[in-house]
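The structure file upload26.csv is reproduced below (CSV, C-alpha atoms).
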```
chain,number,residue,atom,x,y,z
A,26,MET,CA,139.9,100.5,88.1
A,27,SER,CA,138.3,99.7,91.5
A,28,PRO,CA,134.9,98.1,91.4
A,29,GLN,CA,131.9,100.5,91.7
A,30,SER,CA,128.3,100.1,92.7
A,31,PRO,CA,126.0,100.0,89.6
A,32,GLN,CA,124.0,103.1,88.7
A,33,LEU,CA,120.4,102.7,89.8
A,34,ILE,CA,118.1,105.4,88.5
A,35,GLY,CA,114.7,106.4,90.0
A,36,GLU,CA,113.1,108.7,92.5
A,37,SER,CA,109.7,107.0,93.1
A,38,PRO,CA,108.9,106.0,96.7
A,39,ALA,CA,108.5,102.3,95.7
A,40,TRP,CA,111.9,102.2,94.1
A,41,LEU,CA,113.7,104.1,96.8
A,42,SER,CA,112.1,101.8,99.4
A,43,ALA,CA,113.5,98.7,97.5
A,44,LEU,CA,117.0,100.3,97.3
A,45,GLU,CA,116.9,101.1,101.0
A,46,HIS,CA,115.9,97.5,101.8
A,47,ALA,CA,118.9,96.3,99.7
A,48,SER,CA,121.3,98.7,101.4
A,49,ARG,CA,120.1,97.6,104.8
A,50,VAL,CA,120.6,93.9,104.3
A,51,ALA,CA,123.7,94.1,102.1
A,52,PRO,CA,126.2,94.1,105.1
A,53,LEU,CA,124.7,90.9,106.5
A,54,ASP,CA,126.6,87.9,105.3
A,55,ARG,CA,123.5,85.8,104.6
A,56,PRO,CA,121.9,84.3,101.5
A,57,LEU,CA,119.2,86.6,100.0
A,58,LEU,CA,116.4,86.4,97.4
A,59,VAL,CA,115.6,89.1,94.9
A,60,ILE,CA,112.1,88.7,93.4
A,61,GLY,CA,110.6,90.7,90.6
A,62,GLU,CA,109.1,90.7,87.1
A,63,ARG,CA,111.4,90.4,84.1
A,64,GLY,CA,113.3,93.5,83.4
A,65,THR,CA,112.9,95.1,86.9
A,66,GLY,CA,116.7,95.1,87.6
A,67,LYS,CA,117.2,92.0,89.7
A,68,GLU,CA,120.8,91.6,88.6
A,69,LEU,CA,121.6,95.3,89.3
A,70,ILE,CA,120.3,94.8,92.8
A,71,GLY,CA,122.4,91.7,93.1
A,72,GLU,CA,125.5,93.8,92.2
A,73,ARG,CA,124.4,96.5,94.7
A,74,LEU,CA,124.2,93.8,97.5
A,75,HIS,CA,127.7,92.7,96.6
A,76,PHE,CA,129.4,96.1,96.4
A,77,LEU,CA,127.8,97.3,99.7
A,78,SER,CA,128.9,94.1,101.5
A,79,ARG,CA,132.2,93.3,103.1
A,80,ARG,CA,132.9,91.1,100.1
A,81,TRP,CA,132.9,94.2,97.8
A,82,ASP,CA,136.6,93.7,96.7
A,83,GLY,CA,136.0,90.0,96.0
A,84,PRO,CA,134.6,88.4,92.8
A,85,PHE,CA,131.0,88.9,91.7
A,86,VAL,CA,130.1,85.9,89.6
A,87,LYS,CA,126.8,85.5,87.7
A,88,VAL,CA,125.0,82.3,86.5
A,89,ASN,CA,121.8,82.2,84.5
A,90,CYS,CA,120.3,78.9,85.6
A,91,ALA,CA,117.7,78.9,82.9
A,92,ALA,CA,120.3,79.0,80.1
A,93,LEU,CA,121.8,75.6,80.9
A,94,SER,CA,120.7,72.0,81.0
A,95,GLU,CA,120.8,70.1,84.3
A,96,GLU,CA,124.2,68.5,83.6
A,97,LEU,CA,125.7,71.7,82.3
A,98,LEU,CA,124.4,73.7,85.2
A,99,ASP,CA,125.8,71.2,87.6
A,100,SER,CA,129.2,71.4,85.9
A,101,GLU,CA,129.0,75.2,85.6
A,102,LEU,CA,128.3,75.6,89.3
A,103,PHE,CA,130.5,73.0,90.9
A,104,GLY,CA,133.0,72.2,88.2
A,105,HIS,CA,133.9,68.8,86.8
A,106,GLU,CA,136.7,66.3,86.7
A,107,ARG,CA,138.3,65.0,83.5
A,108,GLY,CA,136.1,62.2,82.0
A,109,ALA,CA,133.0,63.2,84.1
A,110,PHE,CA,131.0,63.2,80.9
A,111,THR,CA,131.5,63.1,77.1
A,112,GLY,CA,133.7,66.1,76.1
A,113,ALA,CA,135.1,66.6,79.6
A,114,THR,CA,138.7,66.4,78.5
A,115,GLU,CA,140.2,68.2,81.5
A,116,ARG,CA,139.3,69.4,85.0
A,117,ARG,CA,137.3,72.6,85.1
A,118,ALA,CA,136.7,74.9,88.1
A,119,GLY,CA,133.1,75.8,88.8
A,120,ARG,CA,131.5,79.1,89.7
A,121,PHE,CA,131.5,78.4,93.4
A,122,GLU,CA,135.2,77.9,93.2
A,123,LEU,CA,135.7,81.1,91.1
A,124,ALA,CA,133.4,83.1,93.5
A,125,ASP,CA,135.3,82.1,96.6
A,126,GLY,CA,135.5,85.1,98.9
A,127,GLY,CA,132.8,87.0,96.9
A,128,THR,CA,129.2,86.7,95.8
A,129,LEU,CA,127.5,84.2,93.5
A,130,PHE,CA,124.4,85.6,91.8
A,131,LEU,CA,122.0,82.8,90.7
A,132,ASP,CA,119.5,84.2,88.2
A,133,GLU,CA,116.3,82.2,87.4
A,134,ILE,CA,116.9,79.9,90.4
A,135,ALA,CA,113.4,78.4,90.0
A,136,THR,CA,114.5,76.6,86.8
A,137,ALA,CA,117.3,74.5,88.6
A,138,SER,CA,116.5,70.8,88.8
A,139,GLN,CA,115.8,69.0,92.0
A,140,ARG,CA,119.3,67.4,91.9
A,141,VAL,CA,121.0,70.7,91.5
A,142,GLN,CA,118.8,72.2,94.2
A,143,GLU,CA,119.9,69.5,96.6
A,144,LYS,CA,123.6,70.3,95.9
A,145,LEU,CA,122.9,74.0,96.3
A,146,LEU,CA,121.4,73.4,99.7
A,147,ARG,CA,124.5,71.6,100.9
A,148,VAL,CA,127.0,74.2,99.7
A,149,ILE,CA,124.9,77.0,101.1
A,150,GLU,CA,124.4,75.3,104.4
A,151,TYR,CA,127.9,73.8,104.9
A,152,GLY,CA,130.1,75.5,102.3
A,153,GLU,CA,131.0,72.1,100.9
A,154,TYR,CA,130.6,70.5,97.5
A,155,GLN,CA,132.1,68.0,95.0
A,156,ARG,CA,133.0,68.5,91.4
A,157,LEU,CA,130.9,66.6,88.9
A,158,GLY,CA,132.6,63.1,88.6
A,159,GLY,CA,134.8,63.8,91.6
A,160,GLU,CA,135.0,62.3,95.1
A,161,LYS,CA,137.0,65.0,96.9
A,162,VAL,CA,135.0,67.3,99.1
A,163,LEU,CA,135.9,70.9,98.5
A,164,SER,CA,135.1,74.0,100.6
A,165,THR,CA,134.2,77.5,99.6
A,166,ASP,CA,133.3,80.9,101.2
A,167,VAL,CA,130.6,82.3,99.0
A,168,ARG,CA,127.5,84.5,99.6
A,169,VAL,CA,124.6,83.4,97.4
A,170,VAL,CA,122.1,85.9,96.1
A,171,ALA,CA,119.4,84.2,94.1
A,172,ALA,CA,116.8,85.8,91.8
A,173,THR,CA,113.6,84.8,90.1
A,174,ASN,CA,110.3,86.1,88.7
A,175,VAL,CA,108.5,83.0,90.0
A,176,ASP,CA,106.4,82.7,93.2
A,177,LEU,CA,108.7,80.3,95.0
A,178,PRO,CA,106.3,79.5,97.9
A,179,ALA,CA,103.7,78.5,95.2
A,180,ALA,CA,106.4,76.4,93.5
A,181,VAL,CA,107.1,74.6,96.8
A,182,GLU,CA,103.4,73.8,97.1
A,183,ALA,CA,103.4,72.5,93.6
A,184,GLY,CA,106.5,70.3,94.3
A,185,LYS,CA,108.7,72.1,91.9
A,186,PHE,CA,111.1,73.7,94.4
A,187,ARG,CA,112.6,72.4,97.6
A,188,ALA,CA,111.1,73.8,100.7
A,189,ASP,CA,114.4,73.4,102.6
A,190,LEU,CA,116.4,75.3,100.0
A,191,LEU,CA,113.8,78.1,100.0
A,192,ASP,CA,114.1,78.3,103.8
A,193,ARG,CA,117.8,78.7,103.5
A,194,LEU,CA,117.8,81.2,100.7
A,195,ALA,CA,115.0,83.4,102.2
A,196,PHE,CA,116.9,84.9,105.1
A,197,ASP,CA,115.5,88.1,103.6
A,198,VAL,CA,113.5,88.7,100.4
A,199,ILE,CA,113.8,91.9,98.3
A,200,THR,CA,110.8,92.4,96.0
A,201,LEU,CA,111.3,94.9,93.2
A,202,PRO,CA,108.4,97.1,92.1
A,203,PRO,CA,107.4,96.9,88.4
A,204,LEU,CA,108.0,100.1,86.4
A,205,ARG,CA,104.3,100.8,86.0
A,206,VAL,CA,104.0,101.6,89.7
A,207,ARG,CA,107.1,103.8,89.8
A,208,ALA,CA,105.5,107.1,89.1
A,209,GLY,CA,107.9,109.5,87.3
A,210,ASP,CA,110.8,107.0,86.9
A,211,ALA,CA,109.9,105.9,83.4
A,212,SER,CA,110.7,109.4,81.9
A,213,LEU,CA,113.9,109.7,84.0
A,214,LEU,CA,115.1,106.3,82.7
A,215,ALA,CA,114.1,107.1,79.1
A,216,ASP,CA,116.0,110.3,79.2
A,217,PHE,CA,119.1,108.5,80.6
A,218,PHE,CA,119.0,105.8,77.9
A,219,ALA,CA,118.3,108.3,75.1
A,220,ARG,CA,121.3,110.4,76.1
A,221,ARG,CA,123.5,107.3,75.9
A,222,MET,CA,122.2,106.7,72.4
A,223,ALA,CA,123.0,110.3,71.5
A,224,VAL,CA,126.5,109.8,72.7
A,225,GLU,CA,126.9,106.8,70.5
A,226,MET,CA,125.7,108.8,67.6
A,227,GLY,CA,128.0,111.7,68.4
A,228,GLN,CA,125.1,114.1,68.8
A,229,ASP,CA,123.5,116.3,71.5
A,230,PHE,CA,120.2,114.9,72.8
A,231,PRO,CA,117.5,117.6,72.3
A,232,GLY,CA,115.2,116.1,75.0
A,233,PHE,CA,111.8,114.6,74.8
A,234,ALA,CA,108.8,116.6,73.9
A,235,PRO,CA,106.1,116.9,76.6
A,236,SER,CA,103.7,114.6,74.8
A,237,ALA,CA,106.4,112.0,74.6
A,238,ILE,CA,107.2,112.3,78.3
A,239,ALA,CA,103.5,111.9,79.1
A,240,ALA,CA,103.1,108.9,76.8
A,241,ILE,CA,106.2,107.3,78.4
A,242,GLU,CA,104.7,107.8,81.9
A,243,THR,CA,101.3,106.4,81.0
A,244,HIS,CA,102.5,103.2,79.3
A,245,ASP,CA,102.4,100.0,81.3
A,246,TRP,CA,105.8,98.6,80.1
A,247,PRO,CA,105.2,94.9,80.6
A,248,GLY,CA,108.9,94.3,80.0
A,249,ASN,CA,109.8,97.0,82.5
A,250,VAL,CA,113.2,98.8,82.4
A,251,ARG,CA,114.6,96.4,79.7
A,252,GLU,CA,111.7,97.2,77.3
A,253,LEU,CA,111.8,100.9,78.1
A,254,ARG,CA,115.5,101.0,77.4
A,255,ASN,CA,115.1,99.5,73.9
A,256,PHE,CA,112.1,101.8,73.2
A,257,ALA,CA,113.8,105.0,74.3
A,258,GLN,CA,117.0,104.3,72.4
A,259,ARG,CA,115.1,103.2,69.3
A,260,LEU,CA,112.9,106.3,69.4
A,261,ALA,CA,115.8,108.6,70.0
A,262,HIS,CA,117.8,107.2,67.2
A,263,ARG,CA,115.0,107.5,64.7
A,264,ALA,CA,114.1,111.0,65.8
A,265,MET,CA,117.7,112.4,65.8
A,266,VAL,CA,118.3,111.0,62.3
A,267,GLU,CA,115.2,112.6,60.9
A,268,ALA,CA,115.2,115.9,62.9
A,269,PRO,CA,118.3,116.1,65.1
A,270,ASP,CA,117.6,119.6,66.5
A,271,GLU,CA,113.9,119.1,67.5
A,272,PRO,CA,112.6,117.6,70.8
A,273,VAL,CA,111.9,113.9,70.3
A,274,ARG,CA,108.2,113.3,69.9
A,275,PHE,CA,106.5,110.0,70.6
A,276,ASP,CA,106.3,107.5,67.7
A,277,PRO,CA,104.2,104.4,68.3
A,278,ARG,CA,106.3,102.5,65.7
A,279,ALA,CA,109.2,102.5,68.2
A,280,LEU,CA,107.2,100.3,70.6
A,281,ASP,CA,107.2,97.4,68.3
A,282,PRO,CA,110.1,97.0,65.9
A,283,PHE,CA,108.3,94.1,64.2
A,284,ALA,CA,105.3,96.3,63.3
A,285,SER,CA,104.8,96.2,59.5
A,286,PRO,CA,102.0,95.5,57.1
A,287,TRP,CA,104.4,93.1,55.4
A,288,ARG,CA,105.2,91.1,58.5
A,289,PRO,CA,104.9,87.4,57.8
A,290,GLY,CA,101.4,86.3,58.9
A,291,ALA,CA,100.0,89.8,59.1
A,292,PRO,CA,96.9,90.8,57.1
A,293,GLN,CA,97.8,92.1,53.6
A,294,ALA,CA,98.2,95.8,53.3
A,295,GLU,CA,96.0,97.9,51.0
A,296,THR,CA,97.7,98.3,47.6
A,297,ARG,CA,96.2,101.7,46.8
A,298,ALA,CA,97.1,104.9,48.6
A,299,PRO,CA,94.9,105.6,51.6
A,300,ALA,CA,92.4,108.5,51.3
A,301,ALA,CA,92.9,111.6,53.5
A,302,GLN,CA,91.7,110.9,57.0
A,303,THR,CA,89.5,113.1,59.0
A,304,VAL,CA,88.8,112.8,62.7
A,305,SER,CA,85.4,111.3,63.3
A,306,SER,CA,83.7,109.3,66.0
A,307,SER,CA,84.4,106.1,64.1
A,308,SER,CA,88.2,106.9,64.0
A,309,VAL,CA,88.5,107.5,67.7
A,310,PRO,CA,89.4,104.3,69.6
A,311,VAL,CA,86.9,103.3,72.2
A,312,PRO,CA,88.6,102.3,75.5
A,313,SER,CA,87.7,99.1,77.2
A,314,LEU,CA,85.3,99.4,80.1
A,315,VAL,CA,87.9,99.5,82.9
A,316,PRO,CA,88.9,102.3,85.2
A,317,VAL,CA,91.0,104.9,83.4
A,318,ASP,CA,92.6,108.3,84.1
A,319,PHE,CA,90.4,110.3,81.8
A,320,GLU,CA,92.2,113.6,82.5
A,321,GLY,CA,95.6,112.0,82.0
A,322,GLN,CA,94.6,110.5,78.7
A,323,VAL,CA,93.2,113.8,77.5
A,324,ALA,CA,96.2,115.7,78.6
A,325,THR,CA,98.5,113.3,76.7
A,326,TYR,CA,96.5,113.7,73.5
A,327,GLU,CA,96.5,117.5,73.8
A,328,MET,CA,100.2,117.6,74.2
A,329,GLN,CA,100.7,115.3,71.2
A,330,LEU,CA,98.6,117.8,69.1
A,331,ILE,CA,100.6,120.8,70.5
A,332,ASP,CA,103.9,119.2,69.7
A,333,ALA,CA,102.8,118.2,66.2
A,334,ALA,CA,101.6,121.8,65.5
A,335,LEU,CA,104.8,123.4,66.8
A,336,ALA,CA,106.9,121.0,64.8
A,337,ALA,CA,104.9,121.7,61.6
A,338,ASN,CA,105.2,125.5,62.1
A,339,GLN,CA,108.8,125.7,63.2
A,340,GLY,CA,107.8,126.7,66.7
A,341,HIS,CA,105.7,129.7,65.6
A,342,GLN,CA,102.9,129.8,68.2
A,343,GLY,CA,100.5,131.9,66.2
A,344,ARG,CA,100.6,129.6,63.2
A,345,SER,CA,100.4,126.6,65.5
A,346,ALA,CA,97.2,128.0,67.0
A,347,GLU,CA,95.7,128.4,63.6
A,348,THR,CA,96.7,124.9,62.6
A,349,LEU,CA,94.7,123.6,65.6
A,350,GLY,CA,91.8,126.0,65.0
A,351,LEU,CA,92.4,127.9,68.2
A,352,SER,CA,92.9,131.5,69.0
A,353,TYR,CA,96.4,132.6,70.1
A,354,HIS,CA,95.2,133.1,73.7
A,355,GLN,CA,93.6,129.7,73.7
A,356,PHE,CA,96.9,128.2,72.5
A,357,ARG,CA,98.9,130.1,75.0
A,358,GLY,CA,96.5,128.8,77.7
A,359,LEU,CA,97.2,125.2,76.7
A,360,LEU,CA,101.0,125.8,76.8
A,361,LYS,CA,100.7,127.1,80.3
A,362,LYS,CA,98.3,124.4,81.3
A,363,HIS,CA,100.7,121.6,80.3
A,364,GLY,CA,103.9,123.3,81.7
A,365,TYR,CA,105.6,124.3,78.4
A,366,GLY,CA,108.6,126.7,79.0
A,367,LYS,CA,109.5,129.7,77.0
A,368,GLY,CA,111.1,127.6,74.3
A,369,ALA,CA,108.6,126.0,72.0
A,370,GLY,CA,108.1,122.4,72.8
A,371,LYS,CA,110.6,122.5,75.7
A,372,PRO,CA,109.0,122.4,79.2
A,373,GLU,CA,110.7,123.6,82.3
A,374,ALA,CA,112.4,120.6,84.0
A,375,ASP,CA,110.3,120.9,87.2
A,376,GLU,CA,107.0,121.3,85.3
A,377,ARG,CA,107.0,118.1,83.3
A,378,PRO,CA,103.7,116.2,83.9
A,379,LEU,CA,103.7,112.7,85.5
A,380,HIS,CA,100.9,110.3,84.9
A,381,THR,CA,100.5,106.6,85.8
A,382,SER,CA,99.4,103.2,84.5
A,383,LEU,CA,97.4,104.0,81.3
A,384,PRO,CA,97.9,102.7,77.7
A,385,ILE,CA,99.5,105.0,75.2
A,386,PRO,CA,96.9,106.6,72.9
A,387,SER,CA,97.6,106.2,69.2
A,388,MET,CA,97.8,109.2,67.0
```
Let's see the structure in the file written out as structure tokens.
Amino acid sequence: MSPQSPQLIGESPAWLSALEHASRVAPLDRPLLVIGERGTGKELIGERLHFLSRRWDGPFVKVNCAALSEELLDSELFGHERGAFTGATERRAGRFELADGGTLFLDEIATASQRVQEKLLRVIEYGEYQRLGGEKVLSTDVRVVAATNVDLPAAVEAGKFRADLLDRLAFDVITLPPLRVRAGDASLLADFFARRMAVEMGQDFPGFAPSAIAAIETHDWPGNVRELRNFAQRLAHRAMVEAPDEPVRFDPRALDPFASPWRPGAPQAETRAPAAQTVSSSSVPVPSLVPVDFEGQVATYEMQLIDAALAANQGHQGRSAETLGLSYHQFRGLLKKHGYGKGAGKPEADERPLHTSLPIPSM
């Protein structure tokens, strides 16, 4: 099978701009930096840079600099000779040797030691290096793409990163937007990940309910796409086990798999059954005094109530209206307001609401 460019999902202007930037610089045979928060897709962009370059048919080799000690990282990158250190019983080729003719992706480059940074500078500048414990100078033809979630200019100022290495790496810098500013992309990604989970389960994915889509779009996702993937697949799995034919509704439990009253260190749960709850001013969470999208919050909550009523009444709109204390015409007005299609709980694809950068309200 011939190598293929990775699948990168998103339609927001911020994401498309980052992809266009990567496509523009990919053919240039120069070192590059990819900057972004954890989970924003730095490795995928590294792959894109490789497959859109003239080196596309060469090796794409990855190293996580944060996962190795200084000595092991040195050996991993440049290889070692027999007897170079305890346990080195034979010569071993390094990643620069393995990546010859291709691309070497150095993740978490900011964690590399000063000694390793110095050796990286030389191999990037001159294409020459020595194995750990060796004297022979070796040459390699490798394009380096480095990634980090650290402010490297600030690290240089603090004396934690070499200024000359930063100058060499930063021919161009691709900065990836966090998911919270990629309006509309969270729901696209969640649908993609949930459908992959459905395939693993051997089921058809019924789609997300409108309230779930709105909740996904309004969450901040501090872990970005990686966190969203885990949430979407966890939520889809639970929902399709419990109600395989119903649209997947938002469940706050899927955000935190550790959430439990019996979690070690958590306050002890009540031993008696809780009394029936009624909605009152004391049970409504008071938001912190920061700017919020009031209409977006209200719309999300309304859709959660609509989805819950439809699910409880098997999609019967008249009974759902009664459950919510509304007239039939009021309920129909809400369905139209929030873009629900003819099928109960199933909005038209082009009418799904998109909201940005607000916390998910609890039910």
Item to complete: Find the spatial neighbours of A:Ala195, counting all atoms listed in the file, within a cut-off of 8 Å - ignore same-chain residues fewer than 4 positions away - and output them as a ChimeraX atom specification.
Response: /A:56-58,191
Worksheet item: Please, what distance in Å, to one decimal, runs between atom CA of A:Ala239 and atom CA of A:Leu351?
Response: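 According to the coordinates, atom CA of A:Ala239 and atom CA of A:Leu351 are separated by 22.3 Å.
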Worksheet item: Quick one: residues within 8 Å of stretch 145-151 of chain A, all atoms listed in the file counted, chain neighbours fewer than 5 positions away excluded, as a list in words?
Response: Pro56, Thr165, Val169, Asp189, Leu190 and Arg193 of chain A
Worksheet item: From the set A:Val181, A:Ala324, A:Ala337, A:Ala261, which residue has the shortest atom-to-atom contact distance to A:Leu360, counting all atoms listed in the file?
Response: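 Looking at the shortest contact to A:Leu360, the residue is A:Ala324.
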Item to complete: Provide the atom CA of A:Glu106 to atom CA of A:Ile134 distance in Å, to one decimal place.
Response: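 Distance reported for this atom pair: 24.3 Å.
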Worksheet item: Of the candidates A:Leu129, A:Ala257, A:Leu33, A:Leu280, which shows the shortest atom-to-atom distance to A:Ile238, using all atoms listed in the file?
Response: A:Ala257
Practice prompt. Mind giving me the straight-line distance from atom CA of A:Cys90 to atom CA of A:Ala137 in Å, one decimal?
Written response: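 Pair atom CA of A:Cys90 / atom CA of A:Ala137 returns 6.1 Å.
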Worksheet entry | Nearby residues (only C-alpha atoms) at most 12 Å from A:Pro282, same-chain spacing under 4 positions excluded, as a PyMOL selection string | chain A and resi 252+255-256+258-260+263+276-278+288
Response to the item:
Closest of A:Leu204, A:Ala211, A:Ala183, A:Ala219 to A:Gly64, counting all atoms listed in the file, is A:Leu204
Item to complete: Skip A:Pro269 itself and residues of its chain fewer than 3 positions away, then list as a ChimeraX atom specification all residues within 9 Å of it, counting all atoms listed in the file.
Response: /A:228-231,264-266,272-273
Discussion item. Report as a PyMOL selection string all protein, DNA and RNA residues lying within 8 Å of A:Gly209, evaluated on only C-alpha atoms, omitting residues in the same chain fewer than 2 positions from it.
Written reply: chain A and resi 35-37+207+211-213+242+379-380
Which polymer residues, protein or nucleic acid, are no farther than 12 Å from (109.8, 88.6, 83.0), counting only C-alpha atoms, as a compact mmCIF listing (two decimals) with C-alpha atoms, in the coordinates of the input?
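Contents of result38.txt, as written:
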```txt
# COMPACT_ATOMS: atom_id res chain seq x y z
CA ILE A 60 112.10 88.70 93.40
CA GLY A 61 110.60 90.70 90.60
CA GLU A 62 109.10 90.70 87.10
CA ARG A 63 111.40 90.40 84.10
CA GLY A 64 113.30 93.50 83.40
CA THR A 65 112.90 95.10 86.90
CA GLY A 66 116.70 95.10 87.60
CA LYS A 67 117.20 92.00 89.70
CA ASP A 132 119.50 84.20 88.20
CA GLU A 133 116.30 82.20 87.40
CA ALA A 172 116.80 85.80 91.80
CA THR A 173 113.60 84.80 90.10
CA ASN A 174 110.30 86.10 88.70
CA VAL A 175 108.50 83.00 90.00
CA PRO A 203 107.40 96.90 88.40
CA TRP A 246 105.80 98.60 80.10
CA PRO A 247 105.20 94.90 80.60
CA GLY A 248 108.90 94.30 80.00
CA ASN A 249 109.80 97.00 82.50
CA VAL A 250 113.20 98.80 82.40
CA ARG A 251 114.60 96.40 79.70
CA GLU A 252 111.70 97.20 77.30
```
